[in-house]
file entry-v1.cif (mmCIF, C-alpha atoms)
data_protein
#
loop_
_atom_site.group_PDB
_atom_site.id
_atom_site.type_symbol
_atom_site.label_atom_id
_atom_site.label_comp_id
_atom_site.auth_asym_id
_atom_site.auth_seq_id
_atom_site.Cartn_x
_atom_site.Cartn_y
_atom_site.Cartn_z
ATOM 1 C CA MET A 1 98.548 111.137 111.061
ATOM 2 C CA ARG A 2 96.578 112.392 108.046
ATOM 3 C CA ASP A 3 92.838 111.749 107.961
ATOM 4 C CA SER A 4 93.247 110.162 104.517
ATOM 5 C CA ASP A 5 95.757 107.700 105.987
ATOM 6 C CA LEU A 6 93.376 106.816 108.801
ATOM 7 C CA ASP A 7 90.595 106.247 106.277
ATOM 8 C CA GLU A 8 92.811 103.897 104.235
ATOM 9 C CA ILE A 9 93.823 101.926 107.309
ATOM 10 C CA ARG A 10 90.253 101.809 108.592
ATOM 11 C CA ASP A 11 89.145 100.399 105.229
ATOM 12 C CA LEU A 12 91.443 97.370 105.584
ATOM 13 C CA ALA A 13 89.465 94.190 106.255
ATOM 14 C CA LEU A 14 91.425 93.816 109.492
ATOM 15 C CA PHE A 15 90.094 97.084 110.947
ATOM 16 C CA ARG A 16 86.915 97.745 108.963
ATOM 17 C CA ASP A 17 84.290 96.385 111.372
ATOM 18 C CA MET A 18 85.981 96.839 114.732
ATOM 19 C CA ASP A 19 84.670 99.164 117.421
ATOM 20 C CA SER A 20 85.427 102.819 116.611
ATOM 21 C CA GLU A 21 86.784 103.559 120.073
ATOM 22 C CA HIS A 22 89.111 100.572 119.905
ATOM 23 C CA PHE A 23 90.350 101.694 116.483
ATOM 24 C CA GLN A 24 91.044 105.177 117.823
ATOM 25 C CA ASN A 25 92.944 103.671 120.756
ATOM 26 C CA LEU A 26 95.120 101.677 118.349
ATOM 27 C CA MET A 27 95.863 104.713 116.207
ATOM 28 C CA ARG A 28 96.555 106.941 119.206
ATOM 29 C CA GLY A 29 99.722 105.017 119.995
ATOM 30 C CA ALA A 30 100.722 104.478 116.363
ATOM 31 C CA TYR A 31 103.552 106.141 114.437
ATOM 32 C CA HIS A 32 103.438 107.061 110.756
ATOM 33 C CA GLN A 33 106.885 107.515 109.244
ATOM 34 C CA THR A 34 108.467 107.898 105.816
ATOM 35 C CA PHE A 35 111.496 105.748 104.986
ATOM 36 C CA PRO A 36 113.924 105.968 102.038
ATOM 37 C CA PRO A 37 114.720 102.902 99.904
ATOM 38 C CA GLN A 38 116.811 100.019 101.275
ATOM 39 C CA VAL A 39 116.056 100.736 104.934
ATOM 40 C CA THR A 40 115.797 97.609 107.086
ATOM 41 C CA LEU A 41 112.626 98.003 109.131
ATOM 42 C CA ILE A 42 112.849 94.813 111.173
ATOM 43 C CA GLU A 43 115.317 91.941 111.579
ATOM 44 C CA GLU A 44 114.330 88.297 111.942
ATOM 45 C CA GLY A 45 114.880 87.136 115.498
ATOM 46 C CA GLN A 46 113.979 90.502 117.027
ATOM 47 C CA GLN A 47 110.938 90.746 119.273
ATOM 48 C CA ALA A 48 107.792 91.887 117.443
ATOM 49 C CA ASP A 49 107.134 95.259 119.044
ATOM 50 C CA PHE A 50 104.975 96.715 116.255
ATOM 51 C CA LEU A 51 102.421 95.715 113.646
ATOM 52 C CA HIS A 52 103.350 97.416 110.379
ATOM 53 C CA VAL A 53 100.880 98.838 107.857
ATOM 54 C CA ILE A 54 102.307 100.051 104.553
ATOM 55 C CA THR A 55 100.409 103.027 103.097
ATOM 56 C CA GLU A 56 102.848 104.050 100.326
ATOM 57 C CA GLY A 57 105.757 102.333 98.556
ATOM 58 C CA ALA A 58 106.798 98.668 98.698
ATOM 59 C CA VAL A 59 108.479 96.420 101.260
ATOM 60 C CA GLU A 60 110.436 93.216 100.689
ATOM 61 C CA MET A 61 110.071 90.453 103.266
ATOM 62 C CA PHE A 62 113.239 88.346 103.243
ATOM 63 C CA ALA A 63 115.140 85.756 105.257
ATOM 64 C CA ARG A 64 118.785 84.767 105.681
ATOM 65 C CA TRP A 65 120.531 81.548 106.655
ATOM 66 C CA ASN A 66 124.097 80.298 106.303
ATOM 67 C CA ASP A 67 125.195 83.226 104.087
ATOM 68 C CA ARG A 68 122.125 82.802 101.873
ATOM 69 C CA GLU A 69 119.217 85.179 101.398
ATOM 70 C CA THR A 70 115.791 84.733 99.832
ATOM 71 C CA THR A 71 112.780 86.922 99.105
ATOM 72 C CA MET A 72 109.690 85.673 100.929
ATOM 73 C CA ALA A 73 107.110 88.241 99.804
ATOM 74 C CA ILE A 74 106.604 91.767 98.483
ATOM 75 C CA VAL A 75 104.124 93.868 100.470
ATOM 76 C CA ARG A 76 102.302 96.787 98.844
ATOM 77 C CA PRO A 77 99.782 99.389 100.036
ATOM 78 C CA VAL A 78 97.540 99.217 101.851
ATOM 79 C CA SER A 79 98.317 96.056 103.804
ATOM 80 C CA THR A 80 99.814 94.745 107.034
ATOM 81 C CA PHE A 81 102.827 92.582 107.743
ATOM 82 C CA ILE A 82 104.165 90.676 110.761
ATOM 83 C CA LEU A 83 100.675 90.210 112.233
ATOM 84 C CA ALA A 84 101.256 86.667 113.540
ATOM 85 C CA ALA A 85 104.410 87.601 115.461
ATOM 86 C CA CYS A 86 102.631 90.569 117.051
ATOM 87 C CA ILE A 87 99.648 88.512 118.185
ATOM 88 C CA ASN A 88 101.922 85.811 119.635
ATOM 89 C CA ASP A 89 104.377 88.361 121.095
ATOM 90 C CA ALA A 90 107.050 86.275 119.392
ATOM 91 C CA PRO A 91 110.255 86.992 117.451
ATOM 92 C CA TYR A 92 110.043 87.973 113.791
ATOM 93 C CA LEU A 93 110.565 85.049 111.413
ATOM 94 C CA MET A 94 111.422 87.398 108.526
ATOM 95 C CA SER A 95 113.219 90.671 107.986
ATOM 96 C CA ALA A 96 111.759 93.601 106.058
ATOM 97 C CA ARG A 97 113.285 96.431 104.033
ATOM 98 C CA THR A 98 111.899 99.165 101.833
ATOM 99 C CA LEU A 99 112.266 98.848 98.058
ATOM 100 C CA MET A 100 111.370 102.492 97.395
ATOM 101 C CA PRO A 101 110.380 105.554 99.430
ATOM 102 C CA SER A 102 107.668 104.163 101.704
ATOM 103 C CA ARG A 103 105.287 105.330 104.407
ATOM 104 C CA ILE A 104 104.708 102.868 107.227
ATOM 105 C CA VAL A 105 102.265 102.947 110.134
ATOM 106 C CA MET A 106 103.622 101.165 113.211
ATOM 107 C CA ILE A 107 101.035 100.041 115.757
ATOM 108 C CA PRO A 108 102.393 98.916 119.156
ATOM 109 C CA GLY A 109 102.033 95.165 119.561
ATOM 110 C CA ALA A 110 100.935 95.513 123.193
ATOM 111 C CA ASP A 111 98.011 97.731 122.124
ATOM 112 C CA LEU A 112 97.126 95.277 119.368
ATOM 113 C CA ARG A 113 96.972 92.353 121.797
ATOM 114 C CA LYS A 114 94.921 94.361 124.285
ATOM 115 C CA VAL A 115 92.275 95.220 121.691
ATOM 116 C CA PHE A 116 92.396 91.642 120.355
ATOM 117 C CA ALA A 117 91.364 90.421 123.815
ATOM 118 C CA SER A 118 88.522 92.930 124.219
ATOM 119 C CA ASP A 119 87.007 93.329 120.727
ATOM 120 C CA PRO A 120 85.517 90.054 119.385
ATOM 121 C CA ILE A 121 84.852 91.528 115.931
ATOM 122 C CA PHE A 122 88.484 92.586 115.642
ATOM 123 C CA ALA A 123 89.611 89.170 116.918
ATOM 124 C CA GLN A 124 87.554 87.444 114.221
ATOM 125 C CA ALA A 125 89.090 89.712 111.566
ATOM 126 C CA ILE A 126 92.586 88.814 112.784
ATOM 127 C CA VAL A 127 91.793 85.094 112.602
ATOM 128 C CA ARG A 128 90.493 85.526 109.035
ATOM 129 C CA GLU A 129 93.581 87.519 108.028
ATOM 130 C CA LEU A 130 95.947 84.935 109.483
ATOM 131 C CA ALA A 131 93.992 82.083 107.887
ATOM 132 C CA THR A 132 94.081 83.761 104.470
ATOM 133 C CA CYS A 133 97.809 84.389 104.662
ATOM 134 C CA TYR A 134 98.477 80.851 105.892
ATOM 135 C CA ARG A 135 96.621 79.434 102.900
ATOM 136 C CA SER A 136 98.553 81.809 100.652
ATOM 137 C CA VAL A 137 101.836 80.472 102.035
ATOM 138 C CA VAL A 138 100.674 76.891 101.406
ATOM 139 C CA ARG A 139 99.755 77.736 97.804
ATOM 140 C CA HIS A 140 103.138 79.358 97.204
ATOM 141 C CA ALA A 141 104.978 76.413 98.785
ATOM 142 C CA LYS A 142 103.050 73.985 96.571
ATOM 143 C CA GLY A 143 104.088 75.966 93.507
ATOM 144 C CA LEU A 144 107.738 75.902 94.552
ATOM 145 C CA LYS A 145 107.724 72.165 95.244
ATOM 146 C CA LEU A 146 105.452 70.863 92.481
ATOM 147 C CA ARG A 147 106.231 73.108 89.497
ATOM 148 C CA ALA A 148 109.396 73.311 87.457
ATOM 149 C CA SER A 149 110.998 76.749 87.105
ATOM 150 C CA LYS A 150 109.430 77.363 83.681
ATOM 151 C CA GLU A 151 105.992 76.433 85.049
ATOM 152 C CA ARG A 152 106.404 78.698 88.094
ATOM 153 C CA LEU A 153 107.351 81.627 85.900
ATOM 154 C CA ALA A 154 104.423 80.985 83.543
ATOM 155 C CA ALA A 155 101.998 80.896 86.483
ATOM 156 C CA TYR A 156 103.421 84.160 87.845
ATOM 157 C CA LEU A 157 103.070 85.905 84.475
ATOM 158 C CA ILE A 158 99.479 84.691 84.153
ATOM 159 C CA ARG A 159 98.603 86.136 87.560
ATOM 160 C CA HIS A 160 99.995 89.523 86.631
ATOM 161 C CA ALA A 161 98.614 89.615 83.091
ATOM 162 C CA GLY A 162 95.064 89.848 84.407
ATOM 163 C CA PRO A 163 91.899 89.121 82.415
ATOM 164 C CA THR A 164 92.203 90.069 78.753
ATOM 165 C CA THR A 165 90.964 88.714 75.436
ATOM 166 C CA GLY A 166 93.961 89.889 73.429
ATOM 167 C CA VAL A 167 97.636 90.578 73.895
ATOM 168 C CA ALA A 168 98.510 91.195 77.543
ATOM 169 C CA ARG A 169 101.018 93.953 78.265
ATOM 170 C CA PHE A 170 102.146 94.773 81.779
ATOM 171 C CA GLN A 171 105.185 95.669 83.852
ATOM 172 C CA LEU A 172 106.824 93.363 86.350
ATOM 173 C CA PRO A 173 106.159 94.825 89.812
ATOM 174 C CA ILE A 174 109.651 93.946 91.090
ATOM 175 C CA GLU A 175 113.131 93.736 89.611
ATOM 176 C CA LYS A 176 114.163 90.405 88.124
ATOM 177 C CA ARG A 177 116.651 89.634 90.891
ATOM 178 C CA LEU A 178 113.851 89.734 93.467
ATOM 179 C CA LEU A 179 111.470 87.863 91.183
ATOM 180 C CA ALA A 180 113.993 85.048 90.773
ATOM 181 C CA SER A 181 114.415 84.791 94.535
ATOM 182 C CA TYR A 182 110.651 84.823 95.147
ATOM 183 C CA LEU A 183 110.152 82.031 92.600
ATOM 184 C CA GLY A 184 112.966 79.940 94.062
ATOM 185 C CA MET A 185 115.394 80.424 91.156
ATOM 186 C CA THR A 186 118.799 81.887 90.565
ATOM 187 C CA PRO A 187 118.883 84.959 88.282
ATOM 188 C CA GLU A 188 120.510 82.753 85.632
ATOM 189 C CA ASN A 189 117.670 80.218 85.829
ATOM 190 C CA LEU A 190 115.113 83.018 85.517
ATOM 191 C CA SER A 191 116.830 84.312 82.376
ATOM 192 C CA ARG A 192 116.840 80.788 80.962
ATOM 193 C CA ALA A 193 113.143 80.322 81.739
ATOM 194 C CA LEU A 194 112.306 83.638 80.057
ATOM 195 C CA ARG A 195 114.187 82.538 76.944
ATOM 196 C CA LEU A 196 112.254 79.263 76.903
ATOM 197 C CA LEU A 197 108.976 81.180 77.023
ATOM 198 C CA ARG A 198 109.825 83.222 73.920
ATOM 199 C CA ASP A 199 108.542 80.378 71.748
ATOM 200 C CA GLU A 200 105.242 80.596 73.648
ATOM 201 C CA GLY A 201 104.753 84.247 72.705
ATOM 202 C CA VAL A 202 106.324 85.950 75.730
ATOM 203 C CA ALA A 203 108.505 89.007 75.067
ATOM 204 C CA VAL A 204 110.377 90.793 77.850
ATOM 205 C CA ASP A 205 112.154 94.142 77.601
ATOM 206 C CA GLY A 206 113.529 95.205 80.958
ATOM 207 C CA LEU A 207 110.499 95.049 83.245
ATOM 208 C CA ARG A 208 108.001 95.326 80.372
ATOM 209 C CA VAL A 209 106.264 92.073 79.457
ATOM 210 C CA GLU A 210 104.107 91.199 76.465
ATOM 211 C CA VAL A 211 102.165 87.926 76.360
ATOM 212 C CA ARG A 212 100.690 87.271 72.921
ATOM 213 C CA ASP A 213 98.835 84.055 73.780
ATOM 214 C CA LEU A 214 97.805 83.489 77.393
ATOM 215 C CA ALA A 215 96.304 80.106 76.537
ATOM 216 C CA LYS A 216 99.760 78.832 75.515
ATOM 217 C CA LEU A 217 101.144 80.100 78.800
ATOM 218 C CA ALA A 218 98.288 78.437 80.681
ATOM 219 C CA ALA A 219 99.061 75.144 78.950
ATOM 220 C CA ILE A 220 102.515 75.315 80.556
ATOM 221 C CA ALA A 221 101.473 76.478 84.033
ATOM 222 C CA ARG A 222 98.199 74.515 84.120
ATOM 223 C CA PRO A 223 96.528 76.854 86.664
ATOM 224 C CA ASN A 224 94.886 74.994 89.512
ATOM 225 C CA PRO A 225 92.452 76.563 92.006
ATOM 226 C CA LEU A 226 94.164 74.637 94.817
ATOM 227 C CA MET A 227 97.493 76.264 93.944
ATOM 228 C CA ASP A 228 96.583 79.543 92.235
ATOM 229 C CA GLY A 229 93.324 80.474 93.963
ATOM 230 C CA ALA A 230 92.081 83.839 95.126
ATOM 231 C CA GLU A 231 93.402 83.521 98.703
ATOM 232 C CA SER A 232 96.800 84.970 97.959
ATOM 233 C CA CYS A 233 97.306 88.075 100.140
ATOM 234 C CA GLY A 234 96.881 90.618 97.357
ATOM 235 C CA GLU A 235 97.913 88.564 94.331
ATOM 236 C CA PRO A 236 95.270 88.442 91.589
ATOM 237 C CA ASP A 237 93.410 85.198 90.950
ATOM 238 C CA SER A 238 95.104 83.442 88.046
ATOM 239 C CA ASN A 239 92.327 81.043 87.153
ATOM 240 C CA SER A 240 88.959 82.447 86.183
ATOM 241 C CA HIS A 241 89.958 84.346 83.024
ATOM 242 C CA ILE A 242 92.291 81.551 81.894
ATOM 243 C CA ARG A 243 89.660 78.841 82.316
ATOM 244 C CA ALA A 244 87.241 80.907 80.254
ATOM 245 C CA ARG A 245 89.830 81.472 77.508
ATOM 246 C CA ILE A 246 90.860 77.817 77.274
ATOM 247 C CA GLY A 247 87.238 76.738 77.182
ATOM 248 C CA SER A 248 86.591 78.911 74.140
ATOM 249 C CA ARG A 249 89.368 77.400 72.043
#
call {"tool": "encode", "arguments": {"input": "entry-v1.cif", "output": "structure tokens"}}
result
Amino acid sequence: MRDSDLDEIRDLALFRDMDSEHFQNLMRGAYHQTFPPQVTLIEEGQQADFLHVITEGAVEMFARWNDRETTMAIVRPVSTFILAACINDAPYLMSARTLMPSRIVMIPGADLRKVFASDPIFAQAIVRELATCYRSVVRHAKGLKLRASKERLAAYLIRHAGPTTGVARFQLPIEKRLLASYLGMTPENLSRALRLLRDEGVAVDGLRVEVRDLAKLAAIARPNPLMDGAESCGEPDSNSHIRARIGSR
């Protein structure tokens, strides 16, 4: 494994403060592999043999039931996935596949549990990571259950627009089919919601998005710190810059 990769992994909050010898022991049994797009890395129901750390690319977490499929999350560098299943030595609850050429570090679950039992600093970091991701899941579930499709889309666009005082221009990080699934919509409903947002100053060309008035978008989504807060496993906080902008109007 490259030293630069080790440095990136070591800098993750999960590993940052743990004992150096324990970190080396974890990495000694780890594999670092490159995968092409659309490779299924794990299948839900399989035993969790490895903790995965993505260092390059993007991975879709998804689930299937009764001939249906939905996107649960998109994981980007540098971050972990399937931590809870590894700690519990339990089956995966989600499947994962690469969306683009990706490099993945795979840390044996048995080694992870051994260090978890012997390194209290590492154990605390794992608890914090699991707590943060649990709260992120609750926030996302609240958005799916309490917001209409147009409101969910507006909230998502606000998160990805970032803080700006003028026109916000950015690119959607995933294709629209995956975005629709993540937001609990059909592709047709997503297209309809995008059309409805045109009157609010949102223009979309492929994956390119332009938001001319974030305050109008915020009036639709009504960002709430209990739904759109900072604890979102890598998603930007959607509230602070919007609250400031609305307050100035």
call {"tool": "closest_residue", "arguments": {"input": "entry-v1.cif", "among": "A:Arg135, A:Leu14, A:Thr40, A:Ala123", "to": "Val78 of chain A", "atoms": "all atoms listed in the file"}}
result
A:Leu14
call {"tool": "resolve_selection", "arguments": {"input": "entry-v1.cif", "expression": "the PyMOL selection byres ((chain A and resi 42) around 9)", "output": "short mmCIF file (atom, residue, chain, number, x, y, z; two decimals) with C-alpha atoms, keeping the file's coordinate frame"}}
result
data_model
loop_
_atom_site.label_atom_id
_atom_site.label_comp_id
_atom_site.auth_asym_id
_atom_site.auth_seq_id
_atom_site.Cartn_x
_atom_site.Cartn_y
_atom_site.Cartn_z
CA THR A 40 115.80 97.61 107.09
CA LEU A 41 112.63 98.00 109.13
CA GLU A 43 115.32 91.94 111.58
CA GLU A 44 114.33 88.30 111.94
CA GLN A 46 113.98 90.50 117.03
CA ALA A 48 107.79 91.89 117.44
CA TYR A 92 110.04 87.97 113.79
CA MET A 94 111.42 87.40 108.53
CA SER A 95 113.22 90.67 107.99
CA ALA A 96 111.76 93.60 106.06
CA ARG A 97 113.28 96.43 104.03
#
call {"tool": "residues_around", "arguments": {"input": "entry-v1.cif", "residues": "Val53 of chain A", "least_positions_apart": "5", "cutoff": "10 Å", "atoms": "only C-alpha atoms", "output": "VMD selection string"}}
result
chain A and resid 9 12 32 75 to 83 103 to 107
call {"tool": "resolve_selection", "arguments": {"input": "entry-v1.cif", "expression": "the PyMOL selection byres ((chain A and resi 109) around 8)", "output": "ChimeraX atom specification"}}
result
/A:48-51,86-87,89,107-108,110-113
call {"tool": "closest_residue", "arguments": {"input": "entry-v1.cif", "among": "A:Lys176, A:Arg128, A:Lys114, A:His140", "to": "Gly229 of chain A", "atoms": "only C-alpha atoms"}}
result
A:His140
call {"tool": "closest_residue", "arguments": {"input": "entry-v1.cif", "among": "A:Asn224, A:Ser181, A:Gln171, A:Gln47", "to": "Val204 of chain A", "atoms": "all atoms listed in the file"}}
result
A:Gln171
call {"tool": "atom_distance", "arguments": {"input": "entry-v1.cif", "atom1": "atom CA of Ile121 of chain A", "atom2": "atom CA of Val137 of chain A"}}
result
24.6 Å
call {"tool": "atom_distance", "arguments": {"input": "entry-v1.cif", "atom1": "atom CA of Leu99 of chain A", "atom2": "atom CA of Gln38 of chain A"}}
result
5.7 Å
call {"tool": "residues_around", "arguments": {"input": "entry-v1.cif", "residues": "Ala193 of chain A", "least_positions_apart": "5", "cutoff": "9 Å", "atoms": "all atoms listed in the file", "output": "JSON, numbers by chain"}}
result
{"A": [149, 150, 151, 153, 154, 188, 198]}
call {"tool": "closest_residue", "arguments": {"input": "entry-v1.cif", "among": "A:Tyr156, A:Tyr182, A:Phe35, A:Phe170", "to": "Thr55 of chain A", "atoms": "all atoms listed in the file"}}
result
A:Phe35
call {"tool": "decode", "arguments": {"input": "entry-v1.cif", "residues": "segment 99-119 of chain A", "atoms": "N, CA and C atoms", "output": "tab-separated table (two decimals), in the first residue's frame"}}
result
chain	number	residue	atom	x	y	z
A	99	LEU	N	-19.26	3.10	-8.84
A	99	LEU	CA	-19.88	3.94	-9.87
A	99	LEU	C	-18.88	4.41	-10.91
A	100	MET	N	-17.60	4.28	-10.59
A	100	MET	CA	-16.51	4.70	-11.46
A	100	MET	C	-15.27	3.92	-11.03
A	101	PRO	N	-14.16	4.00	-11.77
A	101	PRO	CA	-12.95	3.33	-11.29
A	101	PRO	C	-12.65	3.77	-9.86
A	102	SER	N	-12.48	2.81	-8.97
A	102	SER	CA	-12.36	3.11	-7.54
A	102	SER	C	-11.27	2.27	-6.90
A	103	ARG	N	-10.62	2.87	-5.91
A	103	ARG	CA	-9.63	2.14	-5.10
A	103	ARG	C	-10.21	1.96	-3.70
A	104	ILE	N	-10.18	0.71	-3.25
A	104	ILE	CA	-10.82	0.35	-1.98
A	104	ILE	C	-9.80	-0.38	-1.10
A	105	VAL	N	-9.71	0.06	0.15
A	105	VAL	CA	-8.94	-0.67	1.16
A	105	VAL	C	-9.91	-1.58	1.91
A	106	MET	N	-9.54	-2.85	2.03
A	106	MET	CA	-10.38	-3.82	2.75
A	106	MET	C	-9.63	-4.31	3.97
A	107	ILE	N	-10.17	-4.00	5.14
A	107	ILE	CA	-9.55	-4.36	6.42
A	107	ILE	C	-10.32	-5.54	7.00
A	108	PRO	N	-9.64	-6.65	7.31
A	108	PRO	CA	-10.35	-7.82	7.83
A	108	PRO	C	-11.17	-7.49	9.08
A	109	GLY	N	-12.42	-7.94	9.08
A	109	GLY	CA	-13.30	-7.65	10.21
A	109	GLY	C	-12.79	-8.24	11.51
A	110	ALA	N	-12.17	-9.42	11.45
A	110	ALA	CA	-11.65	-10.04	12.67
A	110	ALA	C	-10.56	-9.17	13.30
A	111	ASP	N	-9.69	-8.59	12.46
A	111	ASP	CA	-8.65	-7.69	12.98
A	111	ASP	C	-9.27	-6.44	13.57
A	112	LEU	N	-10.30	-5.93	12.91
A	112	LEU	CA	-10.98	-4.73	13.40
A	112	LEU	C	-11.57	-4.98	14.79
A	113	ARG	N	-12.23	-6.10	14.97
A	113	ARG	CA	-12.85	-6.40	16.27
A	113	ARG	C	-11.79	-6.63	17.35
A	114	LYS	N	-10.67	-7.22	16.97
A	114	LYS	CA	-9.60	-7.45	17.94
A	114	LYS	C	-9.04	-6.13	18.45
A	115	VAL	N	-8.78	-5.20	17.55
A	115	VAL	CA	-8.24	-3.90	17.96
A	115	VAL	C	-9.31	-3.11	18.71
A	116	PHE	N	-10.57	-3.24	18.31
A	116	PHE	CA	-11.67	-2.58	19.01
A	116	PHE	C	-11.69	-2.97	20.49
A	117	ALA	N	-11.40	-4.24	20.77
A	117	ALA	CA	-11.44	-4.74	22.14
A	117	ALA	C	-10.22	-4.32	22.96
A	118	SER	N	-9.12	-3.94	22.29
A	118	SER	CA	-7.88	-3.67	23.01
A	118	SER	C	-7.45	-2.21	23.00
A	119	ASP	N	-8.05	-1.38	22.15
A	119	ASP	CA	-7.65	0.02	22.03
A	119	ASP	C	-8.85	0.91	22.38
